[in-house]
Each structure stands twice: as structure tokens, then as C-alpha cells.
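Encoded as C-alpha cells, the structure appears first; notes follow it.
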Amino acid sequence: MKYFRITGYCPEHDFSFIVDACGKFEKLWQFSSFLLLRNLKVFEVCESDKIQSSNIDTPTDDKKHILLRACQEGQPTITNQDNKKIITVAKKMYVTK
């Protein structure tokens with residue numbers, strides 16, 4: 001099962017989001033491209049093995065949907081600490097290796 005997570009931003013409507021795809025795309029670039037073609041900005045992309053910790057539940061296999069995990073007004077918060085990125089949107093966060 002291919003599980004990918006992307007944090008993005010919609011400049012037109014000023015909101016950020018975290019979305020997951022769990023089986024819908026074979027490659028990470030396909031997921032990114034899907035969002036970019038809709039005029040969304042991609043801030044962070046990762047495969048499931050790069051997520052070190054998170055307060056977002058891991059989705060089940062779903063080849064039909066992209067799952068919205070968090071959404072908020074404005075841009076996401078991305079900080080660096082100890083060579084890790086901490087990404088936060090609407091109190092949902094994950095840490096990448």
C-alpha cells in the first residue's frame with residue numbers, strides 16, 4: 001500500500017491543508033501533480049516511512065479518495081528542530097525525518 005501525505009496552500013482562497021492518499025497514487029509525484037494542476041501550492045510531501053510522529057490517524061487503504069486531514073485559514077506552520085520538520089495545520093501535526 002502506497003501512503004503519501006502532502007501539506008499545501010491555496011493562495012486564491014488563503015487556506016492551508018494536510019491531505020493523505022492511501023492507495024490512490026502509485027508515485028508521490030502523481031499526487032503532487034494532481035494538486036499542482038489545480039493551482040494549489042505544495043509545501044511538504046512525504047511517504048509514510050518519513051513520518052516520524054503525528055497526531056493524525058493513519059488512514060486505511062482507499063484507492064478512490066484523497067483524505068482531508070486538516071484545514072485552516074492562512075499558511076501552514078513549518079518549523080525545523082533537530083534536523084526534523086514539524087508541520088502544523090489546525091492543531092494537527094506531523095514530524096518528518
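The way I read the labels, and the way they are meant: chains A, B, ... in the order of the C-alpha cells, residue 1 as the first residue of every chain, and ligand 1 as the first ligand shown, with later ones counted on from there.
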>> Can you pull out the residues contacting stretch 39-41 of chain A? Cut-off 8 Å, using only C-alpha atoms, and skip same-chain residues under 5 positions away; I want them as a list in words.
In response: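 Non-adjacent residues within range: Gly8, Tyr9, Cys10 and Pro11 of chain A.
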Could you please take those selected residues and save N, CA, C and O atoms as a short mmCIF file (atom, residue, chain, number, x, y, z; two decimals), in the first residue's frame?
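Everything below was put into again-v3.cif:
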data_model
loop_
_atom_site.label_atom_id
_atom_site.label_comp_id
_atom_site.auth_asym_id
_atom_site.auth_seq_id
_atom_site.Cartn_x
_atom_site.Cartn_y
_atom_site.Cartn_z
N GLY A 8 -0.29 21.58 1.82
CA GLY A 8 -0.38 22.54 0.73
C GLY A 8 -1.09 23.81 1.14
O GLY A 8 -1.54 23.97 2.29
N TYR A 9 -1.22 24.69 0.16
CA TYR A 9 -1.80 26.01 0.39
C TYR A 9 -2.54 26.46 -0.86
O TYR A 9 -2.06 26.24 -1.99
N CYS A 10 -3.70 27.07 -0.66
CA CYS A 10 -4.48 27.64 -1.76
C CYS A 10 -4.37 29.16 -1.68
O CYS A 10 -5.03 29.79 -0.82
N PRO A 11 -3.53 29.77 -2.54
CA PRO A 11 -3.37 31.23 -2.46
C PRO A 11 -4.64 32.00 -2.83
O PRO A 11 -4.90 33.07 -2.28
#
What parts of stretch 31-85 of chain A does DSSP call helix (DSSP H, G or I)? I'd like the answer as a short mmCIF file (atom, residue, chain, number, x, y, z; two decimals) with N, CA, C and O atoms, in the first residue's frame.
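Generated file (result_19.cif):
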data_model
loop_
_atom_site.label_atom_id
_atom_site.label_comp_id
_atom_site.auth_asym_id
_atom_site.auth_seq_id
_atom_site.Cartn_x
_atom_site.Cartn_y
_atom_site.Cartn_z
N PHE A 31 0.66 12.37 -7.03
CA PHE A 31 -0.17 13.05 -6.04
C PHE A 31 0.13 14.56 -6.07
O PHE A 31 -0.78 15.39 -6.13
N SER A 32 1.41 14.91 -6.05
CA SER A 32 1.80 16.32 -6.11
C SER A 32 1.28 16.99 -7.37
O SER A 32 0.73 18.10 -7.33
N SER A 33 1.43 16.34 -8.49
CA SER A 33 0.98 16.86 -9.77
C SER A 33 -0.53 17.09 -9.77
O SER A 33 -1.02 18.10 -10.28
N PHE A 34 -1.27 16.17 -9.19
CA PHE A 34 -2.73 16.28 -9.08
C PHE A 34 -3.12 17.60 -8.41
O PHE A 34 -4.03 18.30 -8.85
N LEU A 35 -2.40 17.97 -7.34
CA LEU A 35 -2.69 19.20 -6.62
C LEU A 35 -2.20 20.43 -7.38
O LEU A 35 -2.90 21.44 -7.46
N LEU A 36 -1.00 20.36 -7.94
CA LEU A 36 -0.44 21.50 -8.67
C LEU A 36 -1.28 21.87 -9.88
O LEU A 36 -1.43 23.05 -10.20
N SER A 48 4.88 7.59 3.84
CA SER A 48 4.57 7.19 5.21
C SER A 48 5.81 6.85 6.04
O SER A 48 5.85 7.15 7.24
N ASP A 49 6.83 6.28 5.43
CA ASP A 49 8.03 5.91 6.19
C ASP A 49 8.86 7.10 6.63
O ASP A 49 9.78 6.96 7.43
N LYS A 50 8.54 8.30 6.14
CA LYS A 50 9.26 9.51 6.54
C LYS A 50 8.56 10.24 7.68
O LYS A 50 9.09 11.20 8.22
#
Per residue of stretch 3-25 of chain A within 12 Å of stretch 74-92 of chain A, record the nearest atom pair and its distance in Å to one decimal, counting only C-alpha atoms, with rows in chain order and ascending residue number, as CSV.
residue,atom,partner,partner_atom,distance
A:Arg5,CA,A:Ile87,CA,11.2
A:Ile6,CA,A:Ile87,CA,10.2
A:Thr7,CA,A:Pro76,CA,7.7
A:Gly8,CA,A:Pro76,CA,7.7
A:Tyr9,CA,A:Gln75,CA,6.2
A:Cys10,CA,A:Gln75,CA,8.5
A:Pro11,CA,A:Gly74,CA,8.6
A:Glu12,CA,A:Gly74,CA,10.8
A:His13,CA,A:Gly74,CA,8.8
A:Asp14,CA,A:Gly74,CA,5.1
A:Phe15,CA,A:Gly74,CA,4.7
A:Ser16,CA,A:Gln75,CA,5.2
A:Phe17,CA,A:Val89,CA,6.5
A:Ile18,CA,A:Val89,CA,7.0
A:Val19,CA,A:Val89,CA,10.7
